[in-house]
>>> print(open('start.cif').read())   # mmCIF, C-alpha atoms
data_model
#
loop_
_atom_site.label_atom_id
_atom_site.label_comp_id
_atom_site.auth_asym_id
_atom_site.auth_seq_id
_atom_site.Cartn_x
_atom_site.Cartn_y
_atom_site.Cartn_z
CA MET A 1 -6.57 -10.16 -29.17
CA THR A 2 -3.50 -12.14 -28.26
CA ALA A 3 0.04 -10.83 -28.04
CA SER A 4 0.82 -12.32 -31.46
CA GLY A 5 -2.17 -10.59 -33.04
CA ASP A 6 -4.03 -13.83 -33.74
CA LEU A 7 -7.79 -13.74 -34.09
CA SER A 8 -9.57 -16.30 -31.92
CA VAL A 9 -12.16 -18.49 -33.65
CA ASP A 10 -14.10 -20.86 -31.42
CA VAL A 11 -15.67 -23.93 -32.99
CA TRP A 12 -17.90 -26.33 -31.06
CA THR A 13 -19.13 -29.69 -32.36
CA TRP A 14 -21.85 -31.91 -30.94
CA ASN A 15 -24.02 -34.94 -31.66
CA LEU A 16 -27.53 -34.24 -32.97
CA ASP A 17 -28.96 -37.68 -32.27
CA ILE A 18 -30.67 -36.98 -28.95
CA ASP A 19 -33.54 -38.95 -27.41
CA GLU A 20 -37.15 -37.81 -27.12
CA ALA A 21 -36.85 -36.73 -23.50
CA LEU A 22 -33.88 -34.46 -24.14
CA ALA A 23 -35.49 -33.09 -27.30
CA ALA A 24 -38.61 -32.21 -25.31
CA ARG A 25 -36.54 -30.50 -22.62
CA VAL A 26 -34.37 -28.36 -24.90
CA SER A 27 -37.38 -27.49 -27.07
CA ASP A 28 -38.21 -25.07 -24.26
CA TRP A 29 -35.16 -23.08 -25.35
CA LEU A 30 -36.69 -22.47 -28.77
CA THR A 31 -39.23 -19.91 -29.89
CA ALA A 32 -42.68 -20.94 -31.08
CA GLU A 33 -41.58 -20.31 -34.65
CA GLU A 34 -38.50 -22.52 -34.21
CA ARG A 35 -40.64 -25.33 -32.79
CA LYS A 36 -42.99 -24.95 -35.75
CA ARG A 37 -40.07 -25.31 -38.15
CA ALA A 38 -38.88 -28.43 -36.32
CA ALA A 39 -42.34 -30.00 -36.55
CA ALA A 40 -42.33 -29.52 -40.34
CA PHE A 41 -39.64 -32.18 -40.83
CA ILE A 42 -40.98 -35.51 -42.07
CA THR A 43 -39.48 -37.94 -39.55
CA PRO A 44 -39.09 -37.75 -35.75
CA GLN A 45 -35.32 -38.22 -36.15
CA LEU A 46 -35.02 -35.19 -38.45
CA GLN A 47 -37.21 -33.18 -36.09
CA ARG A 48 -34.98 -34.06 -33.12
CA ARG A 49 -31.82 -33.29 -35.10
CA TRP A 50 -33.14 -29.84 -36.04
CA ILE A 51 -34.10 -29.17 -32.43
CA ALA A 52 -30.66 -30.32 -31.26
CA ALA A 53 -28.90 -28.08 -33.80
CA ARG A 54 -30.90 -24.99 -32.95
CA ALA A 55 -30.88 -25.61 -29.20
CA GLY A 56 -27.14 -26.29 -29.29
CA MET A 57 -26.56 -22.98 -31.03
CA ARG A 58 -28.66 -21.25 -28.39
CA GLY A 59 -26.91 -23.04 -25.54
CA ILE A 60 -23.45 -22.07 -26.81
CA LEU A 61 -24.46 -18.46 -27.49
CA ALA A 62 -25.96 -18.30 -24.02
CA SER A 63 -22.61 -19.26 -22.49
CA VAL A 64 -20.74 -16.77 -24.69
CA LEU A 65 -23.15 -13.90 -23.98
CA GLY A 66 -23.87 -14.79 -20.35
CA VAL A 67 -27.63 -15.12 -20.84
CA ALA A 68 -30.27 -17.85 -20.75
CA PRO A 69 -30.63 -20.06 -23.88
CA GLN A 70 -34.09 -18.59 -24.49
CA ALA A 71 -32.74 -15.02 -24.46
CA PRO A 72 -31.03 -14.51 -27.86
CA VAL A 73 -33.37 -12.99 -30.42
CA PHE A 74 -32.46 -13.60 -34.04
CA VAL A 75 -33.23 -11.54 -37.10
CA LEU A 76 -32.41 -12.36 -40.71
CA GLY A 77 -29.84 -10.27 -42.54
CA PRO A 78 -30.34 -9.01 -46.12
CA HIS A 79 -29.59 -12.46 -47.57
CA GLY A 80 -31.22 -14.58 -44.87
CA ARG A 81 -28.25 -15.09 -42.55
CA PRO A 82 -29.33 -15.16 -38.87
CA GLU A 83 -27.98 -12.32 -36.74
CA LEU A 84 -28.56 -11.19 -33.19
CA ALA A 85 -31.25 -8.54 -32.94
CA GLY A 86 -30.01 -5.05 -32.15
CA GLY A 87 -27.08 -5.08 -34.56
CA ASN A 88 -24.51 -4.25 -31.88
CA SER A 89 -23.23 -7.73 -31.01
CA PRO A 90 -19.41 -8.00 -30.86
CA HIS A 91 -19.69 -11.56 -32.17
CA SER A 92 -20.22 -13.11 -35.58
CA PHE A 93 -21.51 -16.68 -35.54
CA ASN A 94 -22.45 -19.46 -37.92
CA LEU A 95 -24.02 -22.92 -37.69
CA SER A 96 -23.55 -25.98 -39.90
CA HIS A 97 -24.76 -29.55 -39.65
CA SER A 98 -24.45 -32.75 -41.64
CA ASP A 99 -26.18 -35.99 -40.71
CA ALA A 100 -25.86 -36.26 -36.91
CA LEU A 101 -23.01 -33.77 -36.51
CA ALA A 102 -23.28 -30.03 -35.85
CA ALA A 103 -20.62 -27.31 -35.72
CA PHE A 104 -20.99 -23.76 -34.48
CA SER A 105 -18.38 -21.03 -34.84
CA VAL A 106 -18.03 -17.68 -33.07
CA SER A 107 -15.53 -14.90 -33.75
CA GLU A 108 -15.15 -11.14 -33.64
CA ALA A 109 -14.92 -10.96 -37.46
CA ALA A 110 -17.39 -12.28 -40.05
CA VAL A 111 -17.12 -16.06 -39.84
CA GLY A 112 -18.50 -19.03 -41.75
CA VAL A 113 -18.25 -22.73 -40.91
CA ASP A 114 -19.13 -25.87 -42.81
CA VAL A 115 -19.01 -29.58 -41.94
CA GLU A 116 -19.82 -32.42 -44.31
CA ARG A 117 -19.81 -36.19 -44.11
CA ILE A 118 -17.34 -37.60 -46.64
CA LYS A 119 -19.25 -39.93 -48.92
CA ALA A 120 -19.29 -41.03 -52.56
CA LEU A 121 -18.30 -38.26 -54.94
CA PRO A 122 -21.54 -36.57 -56.06
CA GLU A 123 -21.75 -36.77 -59.85
CA GLY A 124 -21.77 -33.48 -61.73
CA VAL A 125 -21.72 -31.22 -58.68
CA ALA A 126 -18.11 -30.05 -59.04
CA GLY A 127 -18.84 -28.69 -62.49
CA MET A 128 -21.64 -26.57 -61.11
CA VAL A 129 -19.88 -25.05 -58.08
CA PHE A 130 -16.09 -25.36 -58.55
CA SER A 131 -13.83 -23.06 -60.55
CA LYS A 132 -11.90 -24.44 -63.54
CA THR A 133 -8.70 -24.52 -61.48
CA GLU A 134 -10.39 -26.49 -58.69
CA ILE A 135 -11.93 -28.95 -61.15
CA ALA A 136 -8.52 -29.56 -62.73
CA ALA A 137 -6.98 -30.21 -59.30
CA LEU A 138 -9.81 -32.56 -58.37
CA GLU A 139 -9.44 -34.53 -61.60
CA ALA A 140 -5.66 -34.77 -61.07
CA ALA A 141 -6.10 -36.33 -57.61
CA PRO A 142 -5.79 -40.13 -57.30
CA GLU A 143 -9.19 -41.72 -57.83
CA ASP A 144 -9.33 -43.19 -54.33
CA ALA A 145 -8.66 -39.75 -52.81
CA ARG A 146 -11.07 -37.67 -54.88
CA ALA A 147 -13.94 -37.80 -52.40
CA VAL A 148 -11.72 -36.40 -49.63
CA VAL A 149 -10.36 -33.71 -51.98
CA PHE A 150 -13.87 -32.82 -53.10
CA TYR A 151 -15.09 -32.27 -49.56
CA ARG A 152 -12.00 -30.28 -48.60
CA TYR A 153 -12.85 -27.91 -51.42
CA TRP A 154 -16.57 -28.01 -50.69
CA THR A 155 -16.31 -27.18 -46.99
CA ALA A 156 -13.79 -24.38 -47.59
CA LYS A 157 -15.94 -22.85 -50.31
CA GLU A 158 -19.13 -23.16 -48.27
CA ALA A 159 -17.42 -21.54 -45.29
CA VAL A 160 -16.38 -18.58 -47.47
CA LEU A 161 -19.88 -18.19 -48.91
CA LYS A 162 -21.41 -18.31 -45.44
CA ALA A 163 -18.96 -15.72 -44.11
CA LEU A 164 -19.80 -13.49 -47.07
CA GLY A 165 -23.44 -13.75 -46.09
CA THR A 166 -24.64 -13.06 -49.63
CA GLY A 167 -26.71 -16.20 -50.07
CA LEU A 168 -27.09 -17.53 -53.61
CA SER A 169 -26.12 -14.20 -55.17
CA VAL A 170 -22.47 -15.34 -55.32
CA SER A 171 -21.59 -18.42 -57.35
CA GLY A 172 -19.10 -20.99 -56.10
CA ARG A 173 -17.48 -20.81 -59.53
CA SER A 174 -16.61 -17.12 -59.01
CA PHE A 175 -13.71 -17.84 -56.66
CA THR A 176 -10.86 -20.32 -56.28
CA ILE A 177 -9.53 -22.06 -53.19
CA ASP A 178 -6.06 -23.59 -52.92
CA ILE A 179 -5.97 -26.70 -50.71
CA SER A 180 -2.38 -27.74 -51.45
CA ARG A 181 -1.79 -27.25 -47.72
CA PRO A 182 -4.80 -29.19 -46.39
CA GLU A 183 -4.90 -27.59 -42.92
CA THR A 184 -4.66 -24.03 -44.24
CA PRO A 185 -6.72 -23.55 -47.40
CA ARG A 186 -6.32 -20.17 -49.13
CA LEU A 187 -8.65 -17.97 -51.10
CA VAL A 188 -6.43 -17.20 -54.10
CA SER A 189 -8.77 -15.40 -56.49
CA ALA A 190 -12.32 -14.10 -56.68
CA ASP A 191 -14.45 -12.30 -59.27
CA TRP A 192 -16.10 -10.10 -56.66
CA LYS A 193 -16.44 -6.36 -56.85
CA ASP A 194 -14.48 -4.46 -54.18
CA GLU A 195 -13.42 -7.64 -52.36
CA ASP A 196 -9.83 -8.12 -51.22
CA THR A 197 -8.97 -11.81 -51.37
CA GLN A 198 -5.97 -11.14 -49.13
CA ALA A 199 -8.34 -10.11 -46.33
CA TRP A 200 -9.41 -13.71 -45.72
CA GLN A 201 -8.13 -16.47 -43.49
CA LEU A 202 -9.25 -20.11 -43.73
CA ALA A 203 -8.59 -23.18 -41.63
CA ALA A 204 -9.57 -26.81 -42.13
CA PHE A 205 -10.34 -29.20 -39.29
CA ARG A 206 -11.58 -32.76 -38.83
CA PRO A 207 -14.75 -32.52 -36.74
CA ALA A 208 -15.20 -36.29 -36.46
CA GLU A 209 -14.14 -39.51 -38.14
CA GLY A 210 -15.42 -39.51 -41.72
CA PHE A 211 -16.18 -35.77 -41.81
CA ALA A 212 -14.49 -32.69 -43.25
CA GLY A 213 -14.76 -29.20 -41.82
CA ALA A 214 -13.55 -25.67 -42.52
CA VAL A 215 -13.92 -22.14 -41.23
CA ALA A 216 -13.45 -18.90 -43.16
CA VAL A 217 -13.03 -15.48 -41.57
CA ARG A 218 -12.88 -12.08 -43.22
CA THR A 219 -9.68 -10.84 -41.59
CA GLN A 220 -5.98 -10.36 -42.32
CA ARG A 221 -5.00 -11.59 -38.86
CA PRO A 222 -3.78 -15.18 -38.46
CA LEU A 223 -6.42 -17.47 -36.99
CA ARG A 224 -6.21 -19.22 -33.65
CA LEU A 225 -8.68 -22.08 -33.99
CA ASN A 226 -10.14 -23.36 -30.72
CA LEU A 227 -11.89 -26.70 -31.27
CA GLN A 228 -14.07 -28.10 -28.52
CA SER A 229 -16.87 -30.58 -27.99
CA TRP A 230 -20.19 -29.48 -26.58
CA SER A 231 -23.07 -31.36 -24.95
CA PHE A 232 -26.43 -30.50 -23.43
CA GLY A 233 -25.31 -31.79 -20.04
CA GLU A 234 -27.60 -33.39 -17.52
#
>>> encode(input="start.cif", output="structure tokens")
Amino acid sequence: MTASGDLSVDVWTWNLDIDEALAARVSDWLTAEERKRAAAFITPQLQRRWIAARAGMRGILASVLGVAPQAPVFVLGPHGRPELAGGNSPHSFNLSHSDALAAFSVSEAAVGVDVERIKALPEGVAGMVFSKTEIAALEAAPEDARAVVFYRYWTAKEAVLKALGTGLSVSGRSFTIDISRPETPRLVSADWKDEDTQAWQLAAFRPAEGFAGAVAVRTQRPLRLNLQSWSFGE
């Protein structure tokens, strides 16, 4: 905790397009089950990207925890969110990846992160996952800016859902995000039982050219976002 009371949130980003030699080397960091999951992807590129995402998460956690990358043991929470075995870790963490970009966040409070490549506005998706207020704001945006606005909403909402850790049991339409200040989205309302929308802090970031990113943390403390690049090294 800093003197100002800010809550530190570390976010690392890295490139998932690694070559075969590096993929083979960092595969040793993975469990047999993780290697089996990687092999299930259809193309070698998708296999390498999954290996790079999982190995990157392990490499970063290893540096945070002061252990070897092979050491962390993961269990699935009630809704399928990975957690460290033992249940006594002082850290909450979350992984996201889109195309060849990955992001991994770590904080003391429940954290979610999402990154997405900004591309053509997906038809019909907003109506399925956005609240009425968000849809109205999206439709009011200039046509040439709607894709950016869509992904600002999308990443913020995904980050909140991932921090909640409730899987598909919570609908994206059940809560509303305000992105009028693009760098500091806000959770303004939610139809959730016993959930205080004031006990949330969000932050948007640009993980790479052509991408949108956001983190959400269940806390009332202001966030101190620490963005950094990560690589597998030599």
>>> residues_around(input="start.cif", residues="Asp28 of chain A", least_positions_apart="4", cutoff="12 Å", atoms="all atoms listed in the file", output="PyMOL selection string")
chain A and resi 21-24+32-35+51-52+54-55+58-59+68-71
>>> resolve_selection(input="start.cif", expression="the PyMOL selection byres ((chain A and resi 158-174) around 7)", output="MDAnalysis selection string")
chainID A and resid 79 81 110:114 129:131 154:157 175 190:191 214:217
>>> resolve_selection(input="start.cif", expression="the PyMOL selection byres ((chain A and resi 136-153) around 8)", output="NGL selection string")
:A and (116 or 118-121 or 126 or 132-135 or 154-157 or 177 or 179 or 182 or 204 or 212-214)
>>> atom_distance(input="start.cif", atom1="atom CA of Val73 of chain A", atom2="atom CA of His91 of chain A")
13.9 Å
>>> residues_near_point(input="start.cif", point="(-26.0, -32.8, -39.6)", cutoff="10 Å", atoms="all atoms listed in the file", output="list of chain:residue names")
A:Trp14, A:Asn15, A:Leu16, A:Asp17, A:Leu46, A:Arg49, A:Trp50, A:Ala52, A:Ala53, A:Ser96, A:His97, A:Ser98, A:Asp99, A:Ala100, A:Leu101, A:Ala102, A:Ala103, A:Val115, A:Glu116, A:Arg117
>>> atom_distance(input="start.cif", atom1="atom CA of Pro222 of chain A", atom2="atom CA of Trp192 of chain A")
22.6 Å
>>> atom_distance(input="start.cif", atom1="atom CA of Ala85 of chain A", atom2="atom CA of Gly5 of chain A")
29.2 Å
>>> build_atoms(input="start.cif", residues="segment 25-42 of chain A", atoms="N, CA and C atoms", output="PDB file, in the frame of the given file")
ATOM      1  N   ARG A  25     -37.044 -31.464 -23.605  1.00  0.00           N
ATOM      2  CA  ARG A  25     -36.540 -30.500 -22.620  1.00  0.00           C
ATOM      3  C   ARG A  25     -35.924 -29.278 -23.296  1.00  0.00           C
ATOM      4  N   VAL A  26     -35.054 -29.505 -24.299  1.00  0.00           N
ATOM      5  CA  VAL A  26     -34.370 -28.360 -24.900  1.00  0.00           C
ATOM      6  C   VAL A  26     -35.271 -27.626 -25.902  1.00  0.00           C
ATOM      7  N   SER A  27     -36.411 -28.221 -26.245  1.00  0.00           N
ATOM      8  CA  SER A  27     -37.380 -27.490 -27.070  1.00  0.00           C
ATOM      9  C   SER A  27     -37.862 -26.231 -26.361  1.00  0.00           C
ATOM     10  N   ASP A  28     -37.812 -26.252 -25.026  1.00  0.00           N
ATOM     11  CA  ASP A  28     -38.210 -25.070 -24.260  1.00  0.00           C
ATOM     12  C   ASP A  28     -37.278 -23.886 -24.505  1.00  0.00           C
ATOM     13  N   TRP A  29     -36.081 -24.168 -25.034  1.00  0.00           N
ATOM     14  CA  TRP A  29     -35.160 -23.080 -25.350  1.00  0.00           C
ATOM     15  C   TRP A  29     -35.564 -22.350 -26.634  1.00  0.00           C
ATOM     16  N   LEU A  30     -36.370 -22.994 -27.443  1.00  0.00           N
ATOM     17  CA  LEU A  30     -36.690 -22.470 -28.770  1.00  0.00           C
ATOM     18  C   LEU A  30     -37.919 -21.557 -28.723  1.00  0.00           C
ATOM     19  N   THR A  31     -38.034 -20.734 -29.744  1.00  0.00           N
ATOM     20  CA  THR A  31     -39.230 -19.910 -29.890  1.00  0.00           C
ATOM     21  C   THR A  31     -40.348 -20.753 -30.500  1.00  0.00           C
ATOM     22  N   ALA A  32     -41.552 -20.233 -30.473  1.00  0.00           N
ATOM     23  CA  ALA A  32     -42.680 -20.940 -31.080  1.00  0.00           C
ATOM     24  C   ALA A  32     -42.446 -21.156 -32.567  1.00  0.00           C
ATOM     25  N   GLU A  33     -41.859 -20.180 -33.229  1.00  0.00           N
ATOM     26  CA  GLU A  33     -41.580 -20.310 -34.650  1.00  0.00           C
ATOM     27  C   GLU A  33     -40.534 -21.394 -34.904  1.00  0.00           C
ATOM     28  N   GLU A  34     -39.517 -21.476 -34.057  1.00  0.00           N
ATOM     29  CA  GLU A  34     -38.500 -22.520 -34.210  1.00  0.00           C
ATOM     30  C   GLU A  34     -39.099 -23.902 -33.989  1.00  0.00           C
ATOM     31  N   ARG A  35     -39.985 -24.034 -33.015  1.00  0.00           N
ATOM     32  CA  ARG A  35     -40.640 -25.330 -32.790  1.00  0.00           C
ATOM     33  C   ARG A  35     -41.543 -25.704 -33.968  1.00  0.00           C
ATOM     34  N   LYS A  36     -42.155 -24.706 -34.562  1.00  0.00           N
ATOM     35  CA  LYS A  36     -42.990 -24.950 -35.750  1.00  0.00           C
ATOM     36  C   LYS A  36     -42.142 -25.453 -36.909  1.00  0.00           C
ATOM     37  N   ARG A  37     -40.979 -24.864 -37.085  1.00  0.00           N
ATOM     38  CA  ARG A  37     -40.070 -25.310 -38.150  1.00  0.00           C
ATOM     39  C   ARG A  37     -39.593 -26.735 -37.900  1.00  0.00           C
ATOM     40  N   ALA A  38     -39.311 -27.069 -36.651  1.00  0.00           N
ATOM     41  CA  ALA A  38     -38.880 -28.430 -36.320  1.00  0.00           C
ATOM     42  C   ALA A  38     -39.970 -29.435 -36.654  1.00  0.00           C
ATOM     43  N   ALA A  39     -41.214 -29.091 -36.328  1.00  0.00           N
ATOM     44  CA  ALA A  39     -42.340 -30.000 -36.550  1.00  0.00           C
ATOM     45  C   ALA A  39     -42.597 -30.254 -38.025  1.00  0.00           C
ATOM     46  N   ALA A  40     -42.087 -29.380 -38.898  1.00  0.00           N
ATOM     47  CA  ALA A  40     -42.330 -29.520 -40.340  1.00  0.00           C
ATOM     48  C   ALA A  40     -41.490 -30.621 -40.970  1.00  0.00           C
ATOM     49  N   PHE A  41     -40.450 -31.103 -40.277  1.00  0.00           N
ATOM     50  CA  PHE A  41     -39.640 -32.180 -40.830  1.00  0.00           C
ATOM     51  C   PHE A  41     -40.421 -33.485 -40.833  1.00  0.00           C
ATOM     52  N   ILE A  42     -40.138 -34.339 -41.805  1.00  0.00           N
ATOM     53  CA  ILE A  42     -40.980 -35.510 -42.070  1.00  0.00           C
ATOM     54  C   ILE A  42     -40.874 -36.560 -40.974  1.00  0.00           C
TER      55      ILE A  42
END
